[in-house]
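Asker: Sharing input-v9.cif below, mmCIF, C-alpha atoms and all ligand atoms:
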```
data_start
loop_
_atom_site.label_atom_id
_atom_site.label_comp_id
_atom_site.auth_asym_id
_atom_site.auth_seq_id
_atom_site.Cartn_x
_atom_site.Cartn_y
_atom_site.Cartn_z
CA MET G 1 6.50 -8.11 -37.44
CA SER G 2 9.92 -7.00 -36.25
CA ALA G 3 12.41 -9.40 -34.67
CA LYS G 4 11.15 -11.31 -31.67
CA PRO G 5 12.20 -10.09 -28.24
CA ILE G 6 14.96 -11.92 -26.39
CA LEU G 7 13.72 -13.02 -22.98
CA TYR G 8 15.86 -13.68 -19.91
CA ILE G 9 14.21 -15.50 -17.03
CA VAL G 10 16.03 -14.39 -13.86
CA ILE G 11 15.89 -16.84 -10.95
CA PRO G 12 17.49 -16.18 -7.53
CA CYS G 13 18.54 -19.32 -5.65
CA TYR G 14 19.64 -19.63 -2.06
CA ASN G 15 20.24 -23.13 -0.68
CA GLU G 16 17.87 -24.65 -3.20
CA GLU G 17 19.56 -27.98 -3.96
CA ALA G 18 16.34 -29.78 -3.07
CA VAL G 19 14.10 -27.84 -5.42
CA LEU G 20 16.39 -26.94 -8.34
CA PRO G 21 16.47 -30.40 -9.97
CA VAL G 22 12.65 -30.36 -9.91
CA THR G 23 12.04 -26.84 -11.19
CA ALA G 24 14.92 -26.33 -13.65
CA PRO G 25 13.38 -28.71 -16.24
CA MET G 26 10.05 -26.89 -15.74
CA PHE G 27 11.66 -23.53 -16.53
CA LEU G 28 13.37 -24.99 -19.61
CA LYS G 29 10.11 -26.50 -20.82
CA LYS G 30 8.37 -23.16 -20.38
CA LEU G 31 11.11 -21.33 -22.25
CA GLU G 32 10.82 -23.84 -25.08
CA ALA G 33 7.04 -23.35 -25.22
CA LEU G 34 7.44 -19.57 -25.33
CA VAL G 35 9.91 -19.87 -28.21
CA ASP G 36 7.74 -22.43 -30.03
CA SER G 37 4.64 -20.25 -29.72
CA GLY G 38 6.56 -17.54 -31.55
CA ARG G 39 6.40 -15.06 -28.66
CA VAL G 40 10.11 -14.78 -27.92
CA SER G 41 13.37 -15.25 -29.77
CA ALA G 42 15.25 -18.55 -29.78
CA SER G 43 18.19 -16.68 -28.20
CA SER G 44 16.21 -16.42 -24.94
CA ARG G 45 17.89 -17.74 -21.82
CA ILE G 46 17.42 -18.76 -18.20
CA LEU G 47 19.71 -16.95 -15.78
CA PHE G 48 20.18 -18.48 -12.34
CA VAL G 49 21.67 -16.29 -9.62
CA ASN G 50 23.35 -18.21 -6.83
CA ASP G 51 22.98 -16.00 -3.75
CA GLY G 52 25.94 -17.37 -1.80
CA SER G 53 24.34 -20.76 -1.13
CA LYS G 54 26.02 -23.03 1.36
CA ASP G 55 24.86 -26.23 -0.30
CA ALA G 56 25.35 -27.70 -3.79
CA THR G 57 23.20 -25.10 -5.56
CA TRP G 58 26.06 -23.52 -7.54
CA ALA G 59 27.42 -26.91 -8.61
CA LEU G 60 23.91 -27.80 -9.84
CA ILE G 61 23.65 -24.54 -11.79
CA CYS G 62 27.08 -25.10 -13.38
CA ALA G 63 26.08 -28.64 -14.36
CA LEU G 64 22.84 -27.36 -15.91
CA ALA G 65 24.74 -24.66 -17.83
CA GLU G 66 27.22 -27.20 -19.13
CA LYS G 67 24.46 -29.49 -20.35
CA ASP G 68 22.18 -26.87 -21.91
CA PRO G 69 23.36 -23.70 -23.67
CA ARG G 70 20.08 -21.99 -22.75
CA VAL G 71 21.04 -22.02 -19.07
CA LEU G 72 23.34 -19.34 -17.67
CA GLY G 73 24.43 -18.74 -14.10
CA VAL G 74 26.06 -16.05 -12.03
CA CYS G 75 27.43 -16.57 -8.56
CA LEU G 76 27.47 -13.84 -5.91
CA SER G 77 30.48 -13.65 -3.64
CA ARG G 78 28.25 -14.15 -0.55
CA ASN G 79 24.62 -14.18 0.54
CA ARG G 80 23.11 -10.75 -0.07
CA GLY G 81 19.42 -11.53 0.30
CA HIS G 82 16.64 -12.11 -2.18
CA GLN G 83 16.26 -8.50 -3.35
CA ASN G 84 19.95 -8.02 -4.12
CA ALA G 85 20.10 -11.40 -5.85
CA VAL G 86 17.23 -10.45 -8.16
CA LEU G 87 18.86 -7.07 -8.78
CA ALA G 88 22.16 -8.76 -9.70
CA GLY G 89 20.37 -11.02 -12.17
CA LEU G 90 18.46 -8.13 -13.75
CA MET G 91 21.59 -6.03 -14.13
CA GLU G 92 23.50 -8.94 -15.68
CA ALA G 93 20.64 -9.59 -18.10
CA MET G 94 19.91 -5.96 -18.97
CA ASP G 95 22.25 -5.52 -21.91
CA ARG G 96 21.80 -8.99 -23.32
CA CYS G 97 18.05 -9.08 -23.80
CA ASP G 98 14.86 -7.11 -24.49
CA ILE G 99 12.76 -8.39 -21.60
CA THR G 100 13.36 -10.06 -18.25
CA ILE G 101 11.01 -12.05 -16.09
CA SER G 102 12.07 -12.54 -12.47
CA ILE G 103 10.64 -15.51 -10.63
CA ASP G 104 11.48 -17.56 -7.49
CA CYS G 105 13.04 -20.93 -8.08
CA ASP G 106 10.70 -22.89 -5.81
CA GLY G 107 7.94 -23.44 -8.39
CA GLN G 108 5.29 -21.62 -6.34
CA ASP G 109 4.49 -19.14 -9.08
CA ASP G 110 2.53 -20.36 -12.07
CA LEU G 111 4.91 -20.47 -15.03
CA ASP G 112 2.02 -20.31 -17.48
CA ALA G 113 1.39 -16.68 -16.45
CA MET G 114 4.50 -15.87 -18.52
CA ASP G 115 2.48 -16.21 -21.73
CA ALA G 116 0.13 -13.44 -20.66
CA MET G 117 3.09 -11.35 -19.41
CA VAL G 118 4.88 -11.53 -22.75
CA ASP G 119 1.60 -10.83 -24.59
CA ALA G 120 1.12 -7.72 -22.45
CA TYR G 121 4.66 -6.64 -23.36
CA LEU G 122 3.94 -7.20 -27.05
CA ASP G 123 0.85 -5.03 -26.54
CA GLY G 124 3.05 -2.16 -25.38
CA CYS G 125 3.46 -2.58 -21.59
CA GLU G 126 7.00 -2.18 -20.26
CA VAL G 127 6.35 -3.62 -16.77
CA VAL G 128 3.96 -6.49 -16.04
CA TYR G 129 3.28 -7.41 -12.40
CA GLY G 130 2.38 -11.00 -11.57
CA VAL G 131 -0.38 -10.84 -8.95
CA ARG G 132 -1.64 -13.77 -6.89
CA SER G 133 -5.36 -14.16 -7.30
CA ARG G 134 -5.75 -16.46 -4.30
CA ARG G 135 -3.65 -17.47 -1.34
CA ASP G 136 -5.44 -20.70 -0.40
CA THR G 137 -2.24 -22.71 -0.51
CA ASP G 138 -0.48 -20.53 2.05
CA THR G 139 -1.04 -21.29 5.71
CA TRP G 140 -3.60 -19.14 7.54
CA PHE G 141 -0.76 -17.45 9.42
CA LYS G 142 1.28 -16.64 6.30
CA ARG G 143 -1.85 -15.38 4.54
CA THR G 144 -2.92 -13.09 7.38
CA THR G 145 0.54 -11.69 8.00
CA ALA G 146 1.03 -11.12 4.28
CA GLN G 147 -2.30 -9.27 3.96
CA GLY G 148 -1.36 -7.16 6.98
CA PHE G 149 1.98 -6.49 5.30
CA TYR G 150 0.41 -4.95 2.16
CA ARG G 151 -2.11 -2.92 4.19
CA LEU G 152 0.64 -1.58 6.45
CA MET G 153 2.89 -0.78 3.50
CA ASN G 154 0.24 1.16 1.65
CA GLY G 155 -1.06 2.81 4.83
CA LEU G 156 2.43 4.07 5.62
CA GLY G 157 3.02 5.50 2.19
CA ALA G 158 5.01 2.77 0.39
CA GLU G 159 3.18 2.26 -2.87
CA VAL G 160 3.11 -1.45 -3.70
CA VAL G 161 0.92 -3.57 -5.98
CA TYR G 162 -1.38 -5.66 -3.79
CA ASN G 163 -0.39 -9.35 -3.63
CA HIS G 164 2.49 -8.88 -6.05
CA ALA G 165 5.80 -10.35 -4.94
CA ASP G 166 8.75 -10.51 -7.28
CA TYR G 167 7.25 -12.36 -10.23
CA ARG G 168 7.42 -9.64 -12.82
CA LEU G 169 8.26 -8.83 -16.43
CA VAL G 170 10.46 -5.77 -16.90
CA SER G 171 11.75 -4.55 -20.26
CA SER G 172 15.42 -3.68 -20.64
CA LEU G 173 14.35 -0.11 -21.45
CA VAL G 174 12.90 0.22 -17.93
CA LEU G 175 15.91 -1.57 -16.44
CA ARG G 176 18.28 0.97 -17.97
CA HIS G 177 16.42 3.74 -16.17
CA PHE G 178 16.12 1.61 -13.05
CA ALA G 179 19.92 1.24 -13.03
CA ASP G 180 20.09 4.94 -12.09
CA PHE G 181 18.35 4.17 -8.78
CA GLY G 182 21.58 3.68 -6.91
CA GLU G 183 20.24 3.23 -3.36
CA ALA G 184 21.67 0.57 -1.09
CA ASN G 185 18.35 -0.27 0.63
CA ILE G 186 16.36 -1.81 -2.15
CA PHE G 187 12.78 -3.00 -2.20
CA LEU G 188 12.13 -3.91 -5.83
CA ARG G 189 8.36 -4.26 -5.79
CA GLY G 190 8.01 -0.75 -4.43
CA MET G 191 10.66 0.72 -6.73
CA PHE G 192 9.42 -0.33 -10.17
CA PRO G 193 6.19 1.69 -9.77
CA LEU G 194 8.48 4.68 -9.17
CA VAL G 195 10.28 4.17 -12.49
CA GLY G 196 6.95 4.60 -14.25
CA PHE G 197 6.22 3.52 -17.87
CA LYS G 198 3.13 1.68 -18.99
CA SER G 199 2.38 -1.28 -16.73
CA THR G 200 -0.31 -3.85 -16.12
CA CYS G 201 -1.07 -6.87 -13.92
CA VAL G 202 -1.41 -10.53 -14.78
CA TYR G 203 -3.26 -12.77 -12.30
CA TYR G 204 -2.24 -16.29 -11.38
CA GLU G 205 -2.70 -18.81 -8.59
CA ARG G 206 0.19 -19.43 -6.26
CA ARG G 207 1.00 -23.01 -5.36
CA GLU G 208 2.85 -24.60 -2.49
CA ARG G 209 6.62 -24.77 -2.53
CA LEU G 210 7.63 -27.90 -4.49
CA ALA G 211 10.47 -28.80 -2.13
CA GLY G 212 12.73 -27.28 0.51
CA GLU G 213 11.68 -24.64 3.01
CA SER G 214 10.65 -20.99 2.89
CA HIS G 215 13.40 -18.49 3.68
CA TYR G 216 10.87 -15.93 4.79
CA PRO G 217 9.77 -16.69 8.34
CA LEU G 218 7.85 -14.03 10.29
CA GLY G 219 10.97 -12.22 11.52
CA LYS G 220 12.31 -11.78 7.99
CA MET G 221 8.85 -10.74 6.74
CA LEU G 222 8.66 -8.02 9.39
CA ALA G 223 12.17 -6.89 8.51
CA LEU G 224 11.19 -6.76 4.83
CA ALA G 225 8.06 -4.74 5.63
CA PHE G 226 9.99 -2.31 7.80
CA ASN G 227 12.75 -2.01 5.23
CA GLY G 228 10.17 -1.44 2.48
CA ILE G 229 8.40 1.30 4.40
CA THR G 230 11.48 3.16 5.56
CA SER G 231 13.10 2.85 2.12
CA LEU G 232 10.15 4.25 0.23
CA SER G 233 8.45 6.73 2.52
CA VAL G 234 9.04 9.18 5.37
CA LYS G 235 5.41 9.00 6.46
CA PRO G 236 6.27 7.26 9.79
CA ILE G 237 8.23 10.37 10.79
CA SER G 238 5.25 12.63 10.11
CA LEU G 239 3.04 10.19 12.04
CA ILE G 240 5.41 10.42 14.99
CA THR G 241 5.30 14.20 14.82
CA GLY G 242 1.49 13.98 14.82
CA VAL G 243 1.46 11.70 17.86
CA GLY G 244 3.89 14.07 19.61
CA VAL G 245 1.67 17.08 18.95
CA GLY G 246 -1.39 15.14 20.16
CA PHE G 247 0.24 14.14 23.44
CA SER G 248 1.60 17.65 24.01
CA LEU G 249 -1.93 19.05 23.67
CA LEU G 250 -3.22 16.37 26.06
CA GLY G 251 -0.48 17.32 28.57
CA LEU G 252 -1.42 20.98 28.30
CA ILE G 253 -5.09 20.27 28.96
CA ALA G 254 -4.18 17.99 31.89
CA SER G 255 -1.97 20.72 33.43
CA LEU G 256 -4.77 23.29 33.17
CA TRP G 257 -7.11 20.78 34.78
CA ALA G 258 -4.64 20.17 37.62
CA VAL G 259 -4.30 23.93 38.27
CA VAL G 260 -8.10 24.26 38.41
CA LYS G 261 -8.24 21.35 40.88
CA VAL G 262 -5.59 22.99 43.11
CA ILE G 263 -7.50 26.29 43.07
CA LEU G 264 -10.67 24.41 44.02
CA GLY G 265 -8.70 22.82 46.87
CA GLN G 266 -9.16 19.25 45.61
CA THR G 267 -5.53 18.09 45.40
CA VAL G 268 -5.20 14.69 43.72
CA HIS G 269 -3.11 11.90 45.29
CA GLY G 270 -2.91 9.93 42.06
CA TRP G 271 0.71 8.87 41.79
CA ALA G 272 -0.42 5.71 39.93
CA SER G 273 -1.96 7.66 37.08
CA LEU G 274 1.14 9.82 36.92
CA PHE G 275 3.31 6.72 36.80
CA CYS G 276 1.29 5.29 33.90
CA ILE G 277 1.51 8.50 31.93
CA VAL G 278 5.27 8.74 32.42
CA CYS G 279 5.71 5.15 31.24
CA LEU G 280 3.47 5.66 28.24
CA LEU G 281 5.19 8.85 27.16
CA GLY G 282 8.62 7.31 27.75
CA GLY G 283 7.65 4.36 25.57
CA ILE G 284 6.36 6.56 22.77
CA GLN G 285 9.52 8.63 22.87
CA LEU G 286 11.76 5.58 22.65
CA VAL G 287 9.80 4.11 19.73
CA SER G 288 9.89 7.46 17.96
CA LEU G 289 13.62 7.77 18.48
CA GLY G 290 14.01 4.22 17.19
CA VAL G 291 12.11 4.97 13.99
CA ILE G 292 14.04 8.16 13.39
CA GLY G 293 17.24 6.24 14.17
CA GLN G 294 16.34 3.77 11.42
CA TYR G 295 16.23 6.59 8.91
CA VAL G 296 19.53 8.00 10.18
CA GLY G 297 21.07 4.53 9.95
CA LYS G 298 19.80 4.12 6.41
CA THR G 299 21.21 7.48 5.41
CA TYR G 300 24.52 6.36 6.87
CA MET G 301 24.50 3.15 4.83
CA GLU G 302 23.54 5.06 1.68
CA THR G 303 26.43 7.51 2.08
CA LYS G 304 28.92 4.65 2.04
CA ARG G 305 27.95 3.79 -1.55
CA ARG G 306 29.06 0.22 -1.14
CA PRO G 307 28.34 -2.21 -3.99
CA ARG G 308 25.03 -3.97 -3.48
CA TYR G 309 26.40 -7.30 -4.64
CA ILE G 310 29.60 -8.69 -6.07
CA VAL G 311 29.57 -11.25 -8.88
CA SER G 312 32.31 -13.79 -8.26
CA GLU G 313 31.68 -16.15 -11.20
CA ARG G 314 29.74 -16.40 -14.42
CA THR G 315 29.12 -19.68 -16.22
CA TRP G 316 29.87 -18.04 -19.57
CA GLU G 317 33.25 -16.77 -18.43
CA LYS G 318 36.21 -18.88 -17.55
CA GLY G 319 36.39 -19.08 -13.77
CA ARG G 320 39.47 -17.51 -12.19
CA ARG G 321 40.35 -20.76 -10.45
CA ARG G 322 40.20 -22.74 -13.66
CA TRP G 323 42.38 -20.14 -15.32
CA ILE G 324 45.03 -20.40 -12.61
CA GLU G 325 45.00 -24.19 -12.89
CA GLU G 326 45.40 -24.08 -16.66
CA GLU G 327 48.30 -21.65 -16.33
CA ARG G 328 49.95 -24.02 -13.91
CA GLU G 329 49.55 -26.97 -16.25
CA LYS G 330 51.43 -25.17 -19.02
N1 LIG M 1 16.40 -16.29 -1.88
C1 LIG M 1 17.64 -15.69 -2.18
N2 LIG M 1 18.39 -15.20 -1.13
C2 LIG M 1 17.99 -15.27 0.18
C3 LIG M 1 16.72 -15.85 0.45
C4 LIG M 1 15.96 -16.36 -0.60
O1 LIG M 1 18.03 -15.60 -3.34
O2 LIG M 1 18.72 -14.81 1.05
C5 LIG M 1 15.58 -16.81 -3.01
C6 LIG M 1 15.09 -18.24 -2.84
O3 LIG M 1 16.03 -19.16 -3.33
C7 LIG M 1 13.81 -18.24 -3.67
C8 LIG M 1 13.30 -16.82 -3.50
O4 LIG M 1 14.41 -16.04 -3.09
O5 LIG M 1 14.06 -18.48 -5.04
C9 LIG M 1 12.15 -16.69 -2.53
O6 LIG M 1 12.46 -17.30 -1.30
P1 LIG M 1 11.42 -18.22 -0.51
O7 LIG M 1 10.72 -19.14 -1.46
O8 LIG M 1 12.16 -18.85 0.60
O9 LIG M 1 10.39 -17.14 0.06
P2 LIG M 1 8.78 -17.22 0.15
O10 LIG M 1 8.30 -17.65 -1.21
O11 LIG M 1 8.48 -18.21 1.19
O12 LIG M 1 8.36 -15.84 0.51
MG MG M 2 8.74 -19.31 -2.13
#
```
Please rewrite the model in this file as structure tokens.
Ligand code: UDP
Ligand code: MG

Answerer:
Amino acid sequence: MSAKPILYIVIPCYNEEAVLPVTAPMFLKKLEALVDSGRVSASSRILFVNDGSKDATWALICALAEKDPRVLGVCLSRNRGHQNAVLAGLMEAMDRCDITISIDCDGQDDLDAMDAMVDAYLDGCEVVYGVRSRRDTDTWFKRTTAQGFYRLMNGLGAEVVYNHADYRLVSSLVLRHFADFGEANIFLRGMFPLVGFKSTCVYYERRERLAGESHYPLGKMLALAFNGITSLSVKPISLITGVGVGFSLLGLIASLWAVVKVILGQTVHGWASLFCIVCLLGGIQLVSLGVIGQYVGKTYMETKRRPRYIVSERTWEKGRRRWIEEEREK
């Protein structure tokens, strides 16, 4: 067999000081097991991305990196959100490894699914999606809203793998092509299917968060869904056009009916019904304008071509601050 693939496990962290000390040893143990089982190279690493945390997360990552050469860390200059943090990690890892696995740092996703992911890669798949087989551990509310989220996404033309979040193996070959997707509004789980290549799913059970709190309350979930849909599809605009055509036809029929009534001498005194219709149509128009405005706004943001994230520090490079201090000491 040819040389073993180098694996980078990419882990975004935002205010995770409570959970990191618990899960970091778990990730290291898993990496060790993967190396021992002969699946991946001993040069494999864990790459933590600090997404502008306001707590001690970065200090914890630096301490871990100092203690164990298998741990690496990059720090973003500010909080850029989960998707951008994962992207930053993947782009940093791309040229240093053969495969990446992205996973949340809260220990909810079953680490043992990595074995099957790497096996699928060794069998020739370039992308392997981790899919939750059950959601018993989520609250009823989270479960229902999440199911609705996938239905809505697919219904509105954003192709996503059902019950797949961001636990995923991607080869560096795919990442190099993915790097050409330069859009500012990113929704990773909907974008990797667009890159193509041979892919498969690996099923696992999702557990409860080991510590700390979820950063995805309902508001953020809705924002993610809306962002996903408007980033991947223009179907809502066609739907709006359809609704507009439907209501126009309805209006036409109603006008004809009114003319007939006048001719028959049965004038209608229904200001209430008129009022309702005006309100309804006004509402639909405002929503439609809002949706179209979202697309215009997105186009505006895309034209700026701003960087999606800025790396301020890397554990394997001398920090700027430290460099200044050393210069001063001379
Ligand atoms: N996260 C991040 N930036 C953010 C929010 C979250 O990097 O702005 C990370 C977080 O540290 C975790 C992952 O994204 O590793 C998923 O977040 P969380 O567990 O809060 O979401 P949930 O699993 O509840 O959907
Ligand atoms: Mg979580």

Asker: Kindly give the distance, in Å, that separates CA of Tyr216 in chain G and CA of Lys142 in chain G, rounded to a single decimal.

Answerer: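 Answer for the CA of Tyr216 in chain G to CA of Lys142 in chain G separation: 9.7 Å.
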
Asker: Tell me, as a list in words, which residues lie within 12 Å of Phe226 in chain G, counting all atoms listed in the file; anything in the same chain fewer than 2 positions away does not count.

Answerer: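 With the cut-off at 12 Å, the set is Phe149, Tyr150, Leu152, Met153, Leu156, Gly157, Ala158, Asn185, Ile186, Phe187, Gly219, Lys220, Met221, Leu222, Ala223, Leu224, Gly228, Ile229, Thr230, Ser231, Leu232, Ser233, Val234, Pro236, Val291, Gln294, Tyr295 and Lys298 of chain G.
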
Asker: How about saving the chosen residues, C-alpha atoms kept, as a PDB file, in the coordinates of the input?

Answerer:
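The resulting file, result-v9.pdb, is shown below:
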```
ATOM      1  CA  PHE G 149       1.980  -6.490   5.300  1.00  0.00           C
ATOM      2  CA  TYR G 150       0.410  -4.950   2.160  1.00  0.00           C
ATOM      3  CA  LEU G 152       0.640  -1.580   6.450  1.00  0.00           C
ATOM      4  CA  MET G 153       2.890  -0.780   3.500  1.00  0.00           C
ATOM      5  CA  LEU G 156       2.430   4.070   5.620  1.00  0.00           C
ATOM      6  CA  GLY G 157       3.020   5.500   2.190  1.00  0.00           C
ATOM      7  CA  ALA G 158       5.010   2.770   0.390  1.00  0.00           C
ATOM      8  CA  ASN G 185      18.350  -0.270   0.630  1.00  0.00           C
ATOM      9  CA  ILE G 186      16.360  -1.810  -2.150  1.00  0.00           C
ATOM     10  CA  PHE G 187      12.780  -3.000  -2.200  1.00  0.00           C
ATOM     11  CA  GLY G 219      10.970 -12.220  11.520  1.00  0.00           C
ATOM     12  CA  LYS G 220      12.310 -11.780   7.990  1.00  0.00           C
ATOM     13  CA  MET G 221       8.850 -10.740   6.740  1.00  0.00           C
ATOM     14  CA  LEU G 222       8.660  -8.020   9.390  1.00  0.00           C
ATOM     15  CA  ALA G 223      12.170  -6.890   8.510  1.00  0.00           C
ATOM     16  CA  LEU G 224      11.190  -6.760   4.830  1.00  0.00           C
ATOM     17  CA  GLY G 228      10.170  -1.440   2.480  1.00  0.00           C
ATOM     18  CA  ILE G 229       8.400   1.300   4.400  1.00  0.00           C
ATOM     19  CA  THR G 230      11.480   3.160   5.560  1.00  0.00           C
ATOM     20  CA  SER G 231      13.100   2.850   2.120  1.00  0.00           C
ATOM     21  CA  LEU G 232      10.150   4.250   0.230  1.00  0.00           C
ATOM     22  CA  SER G 233       8.450   6.730   2.520  1.00  0.00           C
ATOM     23  CA  VAL G 234       9.040   9.180   5.370  1.00  0.00           C
ATOM     24  CA  PRO G 236       6.270   7.260   9.790  1.00  0.00           C
ATOM     25  CA  VAL G 291      12.110   4.970  13.990  1.00  0.00           C
ATOM     26  CA  GLN G 294      16.340   3.770  11.420  1.00  0.00           C
ATOM     27  CA  TYR G 295      16.230   6.590   8.910  1.00  0.00           C
ATOM     28  CA  LYS G 298      19.800   4.120   6.410  1.00  0.00           C
TER      29      LYS G 298
END
```

Asker: Can you pull out every residue with an atom within 6 Å of ligand MG 2 (chain M)? Use only C-alpha atoms and all ligand atoms and format it as a PDB file with C-alpha atoms, in the coordinates of the input.

Answerer:
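Result saved to out.pdb:
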```pdb
ATOM      1  CA  ASP G 106      10.700 -22.890  -5.810  1.00  0.00           C
ATOM      2  CA  GLN G 108       5.290 -21.620  -6.340  1.00  0.00           C
ATOM      3  CA  ARG G 209       6.620 -24.770  -2.530  1.00  0.00           C
ATOM      4  CA  SER G 214      10.650 -20.990   2.890  1.00  0.00           C
TER       5      SER G 214
END
```

Asker: Using only C-alpha atoms and all ligand atoms, which residues of the polymer chains come no farther than 8 Å from ligand LIG 1 (chain M)? I'd like the answer as JSON, numbers by chain.

Answerer: {"G": [11, 12, 13, 14, 15, 16, 49, 50, 51, 52, 79, 80, 81, 82, 83, 84, 85, 86, 103, 104, 105, 106, 108, 209, 213, 214, 215, 216, 217]}

Asker: Please identify all polymer residues within 9 Å of range 87-94 of chain G, counting all atoms listed in the file, omitting same-chain residues fewer than 2 positions from it, and present them as number ranges by chain.

Answerer: G: 8-12, 47-49, 73-74, 76, 82-85, 96-102, 170-173, 175-176, 179, 186, 188, 308-311

Asker: From the set G:Val127, G:Leu34, G:Met117, G:Ala3, which residue has the shortest atom-to-atom contact distance to Tyr204 in chain G, counting all atoms listed in the file?

Answerer: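 Ranking G:Val127, G:Leu34, G:Met117, G:Ala3 by distance to Tyr204 in chain G, first place goes to G:Met117.
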